[in-house]
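Below is one structure, written out as C-alpha cells, with a few remarks after it.
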Amino acid sequence: MKGIKRYRSVVVPLVYLALFVGFLFLQYSGRLSVQGSVSSMQYSALIAQGYDETSPLITRIHVTYSGVRFLFSEQNKLTLYTPDETLAVSVQSYEVEDQSLIVRFEQSISIRFAEQGTNGISISIETPDSLAQYETIQISLSPNADYAKKIDKENPEIIEFLDQETTYILVLPPFSQYVEQSTDLLQIALTNRQTTLKLSESVESGIRVEQVDILEQLPVISAESHTNQIEQYIDEAYLGWTDTRLNGASGTWDRFTEPPIFSEEIIVSLLREAWLSDDLDFSDDEYSEQAIRMRSIAQLHLSELSFNAMAYLGFMQDIVPRQLIIQNNRLESLLNATLSQDIRILEQPDLIPFTYFTGTDELITRLENFLLFVEPSTLAVEYAIYLFEHYTLKETYPRETQSWLLGFESIGEEQIIPNLIRVDGELFIKTGINQVNTLLSLRAGLSFIRYGEERTDENMINLGRNLVQAVLNLKSEQNTIPNFIYLGSDNAETSQDHFNPESAYSFLRVESPGPHLTGLTTSEQRSWAWGVGEIANSDFSDDELQILINSPPNRTSYFLFHNIAPFDSMTLFGLQWRNDPTFEIYARGRHYDEELRSVMIKHNDSIPQRTITFTYTNIE
C-alpha cells in the first residue's frame with residue numbers, strides 16, 4: 001500500500017503538469033510573449049498569431065505600476081456603456097513614445113500611460129467623437145495581493161492601495177467608481193473625449209495631500225455655461241423681487257420658509273439689476289420705473305434704510321445723520337475687535353475698504369497688525385474662506401492696503417482645497433463637522449475663479465465654476481437654496497432652512513456696478529464718497545477739490561461726499577449750483593450740511609462724465 005501511495009504522489013502531479021503545459025501549448029501555440037519597461041512601468045504583451053516580437057500587434061497586454069496591474073485581453077475587454085447600449089472593444093497594438101506607453105483598441109480608442117514626476121503615472125483615455133454617446137467606460141485591473149484597498153466614502157473617486165511601507169493613491173475622474181470583484185473594475189465617467197486618471201505614491205500619510213489631483217479631473221465648465229447659469233438664477237430672482245414675492249401694500253417680500261419681511265437687501269439687489277438694464281435686455285426705462293416703485297415701498301420703512309438704498313432712492317436727510325452715527329459705532333466696535341484679536345471681524349465683506357476709507361490711523365494700524373499675526377493654518381475653514389475672499393478682492397482695494405493680504409496667497413490651496421468633498425456627485429467645501437455651509441461654498445467658488453484668473457490657472461477657474469454650479473443646482477422652484485448639507489455615514493441631507501437669492505446676489509455681482517464706498521483725495525483725511533456711479537478720480541490742488549464722476553446719462557441716483565470742509569462755491573452739472581435743503585423734490589440738486597460736513601447730491605445729467613469742483617479761498 002505504501003508503494004502505491006508513493007507512486008501516486010509522483011505520477012499525479014506529473015499528469016497535472018502535463019495537462020497544464022498542453023493547455024498552454026494549445027492556447028498560445030504560434031504566439032509570442034514580450035516584456036518590457038517604460039520608466040517605472042512594466043508591461044507584458046502577447047503578440048498576435050503570425051507576427052514576431054518586432055510587431056506591435058497584440059491580443060493581450062498587462063501594464064503594471066507599483067503592484068497595480070491593468071489588464072487588457074479577450075477576457076478583459078474595454079467596455080463602453082450608455083443607459084441602453086454596451087460596446088466591448090479588443091486591444092490591438094501598443095507603442096512606446098518618450099516616457100509613455102500607448103495601448104490602442106478597436107474603434108480608435110487609446111490609453112496612454114505616462115510618467116508623472118518621480119512618484120506617479122497618469123492614465124489618459126481618449127475616445128473619438130463617433131463614440132460621444134457613451135457615458136461610461138470600464139477597465140479591468142488587479143492589485144498585488146500584498147496591497148490592502150481603502151475607498152474613501154466621502155470621496156469615492158479616491159482609492160488607496162497600502163502595503164506595509166507605502167501608500168499609493170488612484171484618483172478617478174468625477175462620477176466614477178471602483179468595483180471590487182475577482183478582477184476589479186474601474187467604471188469611469190466619460191465627461192469629455194479625453195479623461196485622465198492618476199496613480200501615485202502618497203508623499204505623506206493620508207489622501208488629502210493628493211486632493212489637488214482632482215482639479216485636473218473635474219468636468220470642464222465653459223465661461224459661457226457658467227455665466228448663463230448665474231444669469232438665469234438672477235433673472236428668476238428678479239421676477240420674484242418685482243412680482244411673485246412682493247406684497248406692495250405692506251412693502252414686504254415672502255421668504256417661503258419664514259414670515260414675510262421688508263428687505264433693504266432686496267431693494268438694493270433689484271435696483272442694482274435694473275441699473276444694469278442695458279446688459280440685461282430690460283426696457284430703457286426699467287430702472288426709473290423700478291426706482292419709483294421701490295421708493296414708495298421704502299417710505300414705509302425709512303428707519304431700516306442705509307447708504308446702499310440711499311444711493312438709488314435718496315431720503316438723504318433722513319438717512320445720512322442716522323447712518324453716520326451707526327458708522328461711528330461700527331468703527332469703535334472694529335477697534336475693540338482688533339484689540340481683542342477677534343477673528344470674527346473677517347466675516348465682514350467690506351472690512352478692508354471700510355476701515356481704510358473711513359477709519360482712523362489707529363484703527364488702520366491695528367487692523368494691519370491683526371492681519372499680520374493671523375496664522376492661516378490655525379483657522380477654521382469658514383474663516384479661511386473669508387480671508388481668501390478678501391485676498392482675491394485685493395485689486396479692488398486701495399493700493400496701500402493690498403500688502404496686508406500678500407501673506408495669504410496660498411490659503412485657498414492649503415486650507416480650503418483639502419476640504420473638498422463630493423455630495424451626490426457635486427463638489428462642495430466641507431465647512432464644519434459633517435456639514436457644508438452652501439453660501440460659503442459658493443463664495444469660495446467665486447474666490448477660486450478670481451484666484452485662477454489672476455494666475456491664468458484654468459484648473460483653479462474650473463474648480464471655482466464647479467463649486468458655484470454645485471450650489472446653484474440645489475435651488476428649489478422658489479429659487480431658494482438650503483443653508484446646509486448634513487453629511488451622514490451613508491447619505492447626505494439638506495437643511496429645512498433656506499437662503500433666498502438676495503443673500504447670494506452681491507457676491508455673484510461683485511464685479512458689476514453697485515452702491516459702494518470710495519476714498520477721496522482732499523485736504524482732509526478720511527474723506528469719502530458713497531454712490532452707485534463711479535468716482536473716476538479726485539484731486540485737491542490750488543484750493544480746488546475736483547471729483548470726476550462717471551454715471552449713465554439721464555439716470556437718477558444720489559451721491560454722498562463726507563468730511564468735506566466748508567467751501568465757497570460748487571460747480572455741478574457744468575454750472576455754479578446753489579445750496580438747497582429741499583433739493584430732492586427737483587430733478588437734480590445738492591445740499592451741504594456744514595455740521596455733518598456732508599454734501600448730498602441728487603444726480604441726473606445728460607452727460608455721462610462730469611467734474612464736480614469745490615472752490616476754497618481759506619482752506620483750514
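Every chain in the C-alpha cells has a letter given in the order shown (A, B, ...), and although residue numbers restart at 1 in each chain, ligands are simply numbered from 1 in the order shown.
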
Residues within 7 Å of Trp530 in chain A, only C-alpha atoms, excluding chain neighbours under 5 positions, as JSON, numbers by chain: {"A": [515, 516, 517, 518, 559, 560, 561]}

Long-range neighbours of range 56-61 of chain A as a ChimeraX atom specification, 10 Å cut-off, only C-alpha atoms, 2 positions minimum in chain: /A:31-35,43-54,63-64,70-77,90-96,103-104

All residues 9 Å or closer to Val68 in chain A, only C-alpha atoms, same chain fewer than 4 positions away omitted, as a PyMOL selection string: chain A and resi 63-64+141-144+147+161

Selected residues written out with N, CA and C atoms, as an mmCIF file, in the first residue's frame:
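Ended up saving to selection_34.cif:
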```cif
data_model
loop_
_atom_site.group_PDB
_atom_site.id
_atom_site.type_symbol
_atom_site.label_atom_id
_atom_site.label_comp_id
_atom_site.auth_asym_id
_atom_site.auth_seq_id
_atom_site.Cartn_x
_atom_site.Cartn_y
_atom_site.Cartn_z
ATOM 1 N N VAL A 63 -0.235 46.073 -17.960
ATOM 2 C CA VAL A 63 0.629 47.201 -17.607
ATOM 3 C C VAL A 63 0.647 47.325 -16.090
ATOM 4 N N THR A 64 1.856 47.291 -15.513
ATOM 5 C CA THR A 64 1.981 47.262 -14.057
ATOM 6 C C THR A 64 2.757 48.473 -13.565
ATOM 7 N N LEU A 141 -8.536 45.779 -13.644
ATOM 8 C CA LEU A 141 -7.229 45.859 -13.002
ATOM 9 C C LEU A 141 -7.138 44.843 -11.879
ATOM 10 N N SER A 142 -5.909 44.583 -11.448
ATOM 11 C CA SER A 142 -5.674 43.575 -10.424
ATOM 12 C C SER A 142 -4.539 44.035 -9.517
ATOM 13 N N PRO A 143 -4.846 44.563 -8.330
ATOM 14 C CA PRO A 143 -3.783 44.982 -7.416
ATOM 15 C C PRO A 143 -3.013 43.780 -6.880
ATOM 16 N N ASN A 144 -1.751 43.998 -6.554
ATOM 17 C CA ASN A 144 -0.932 42.976 -5.914
ATOM 18 C C ASN A 144 -1.628 42.489 -4.646
ATOM 19 N N TYR A 147 -1.358 44.273 -1.271
ATOM 20 C CA TYR A 147 -1.925 45.606 -1.048
ATOM 21 C C TYR A 147 -3.336 45.509 -0.470
ATOM 22 N N PHE A 161 -4.150 52.211 -2.101
ATOM 23 C CA PHE A 161 -3.560 50.872 -2.074
ATOM 24 C C PHE A 161 -2.398 50.925 -1.090
#
```

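Relative to CA of Thr480 in chain A, CA of Ile261 in chain A is found at 15.7 Å.
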
Residue with smallest distance to Ile449 in chain A - pool A:Ile461, A:Ala189, A:Leu218, A:Leu379, counting only C-alpha atoms: A:Ile461

Residues within 9 Å of Glu594 in chain A, only C-alpha atoms, excluding chain neighbours under 4 positions, as a ChimeraX atom specification: /A:564-566,598-599

Grab the residues selected above and save them as a PDB file, in the first residue's frame with C-alpha atoms.
```pdb
ATOM      1  CA  ILE A 564     -15.849 117.917   3.126  1.00  0.00           C
ATOM      2  CA  ALA A 565     -14.570 121.199   4.595  1.00  0.00           C
ATOM      3  CA  PRO A 566     -16.777 124.302   4.093  1.00  0.00           C
ATOM      4  CA  SER A 598     -21.550 116.210   4.190  1.00  0.00           C
ATOM      5  CA  VAL A 599     -22.514 117.135   0.613  1.00  0.00           C
TER       6      VAL A 599
END
```

Polymer residues at most 9 Å from range 606-609 of chain A, only C-alpha atoms, same-chain spacing of 6 or more positions, as JSON, numbers by chain: {"A": [548, 549, 550, 551, 552, 553, 554, 555, 573]}

DSSP-assigned alpha helix (DSSP H) among range 320-422 of chain A, expressed as a PyMOL selection string: chain A and resi 320-339+351-358+361-372+381-392+399-402+411

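Considering only C-alpha atoms, the residue among A:Ile111, A:Ile481, A:Leu440, A:Leu270 positioned nearest to Ile234 in chain A is A:Leu270.
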
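Close contacts of range 610-617 of chain A, defined as residues with an atom at most 10 Å away when counting only C-alpha atoms, with chain neighbours fewer than 6 positions off set aside, comprise Ile535, Ala536, Asn537, Ser538, Asp539, Phe540, Asp542, Asp543, Glu544, Leu545, Gln546, Ile547, Leu548, Ile549, Asn550, Ser551, Ile564, Ala565, Pro566, Phe567, Asp568, Ser569, Met570, Thr571, Leu572, Phe573, Gly574, Leu575 and Gln576 of chain A.
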
How would the residues just chosen look if you wrote them out with C-alpha atoms as an mmCIF file, in the first residue's frame?
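The new file out.cif reads:
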```cif
data_model
loop_
_atom_site.group_PDB
_atom_site.id
_atom_site.type_symbol
_atom_site.label_atom_id
_atom_site.label_comp_id
_atom_site.auth_asym_id
_atom_site.auth_seq_id
_atom_site.Cartn_x
_atom_site.Cartn_y
_atom_site.Cartn_z
ATOM 1 C CA ILE A 535 -15.791 108.189 -8.802
ATOM 2 C CA ALA A 536 -13.161 108.011 -11.525
ATOM 3 C CA ASN A 537 -10.731 110.444 -9.900
ATOM 4 C CA SER A 538 -10.402 113.055 -7.168
ATOM 5 C CA ASP A 539 -7.719 115.675 -6.746
ATOM 6 C CA PHE A 540 -7.088 118.613 -4.412
ATOM 7 C CA ASP A 542 -4.642 125.128 -5.903
ATOM 8 C CA ASP A 543 -7.508 125.474 -3.421
ATOM 9 C CA GLU A 544 -9.823 123.381 -5.574
ATOM 10 C CA LEU A 545 -11.225 119.912 -4.971
ATOM 11 C CA GLN A 546 -12.137 118.249 -8.255
ATOM 12 C CA ILE A 547 -14.075 114.981 -8.418
ATOM 13 C CA LEU A 548 -14.632 113.188 -11.736
ATOM 14 C CA ILE A 549 -17.891 111.204 -11.887
ATOM 15 C CA ASN A 550 -18.939 108.607 -14.468
ATOM 16 C CA SER A 551 -22.646 107.798 -14.482
ATOM 17 C CA ILE A 564 -15.849 117.917 3.126
ATOM 18 C CA ALA A 565 -14.570 121.199 4.595
ATOM 19 C CA PRO A 566 -16.777 124.302 4.093
ATOM 20 C CA PHE A 567 -16.259 125.683 0.594
ATOM 21 C CA ASP A 568 -17.003 128.962 -1.178
ATOM 22 C CA SER A 569 -18.690 127.600 -4.282
ATOM 23 C CA MET A 570 -19.511 124.368 -6.032
ATOM 24 C CA THR A 571 -19.686 123.653 -9.755
ATOM 25 C CA LEU A 572 -22.173 120.874 -10.511
ATOM 26 C CA PHE A 573 -23.644 119.795 -13.875
ATOM 27 C CA GLY A 574 -21.374 122.348 -15.510
ATOM 28 C CA LEU A 575 -22.918 125.241 -13.551
ATOM 29 C CA GLN A 576 -22.449 127.044 -10.242
#
```

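Considering the residues A:Leu367, A:Tyr238, A:Glu85, A:Asp184 and counting only C-alpha atoms, Asn336 in chain A has its shortest atom-to-atom contact with A:Leu367.
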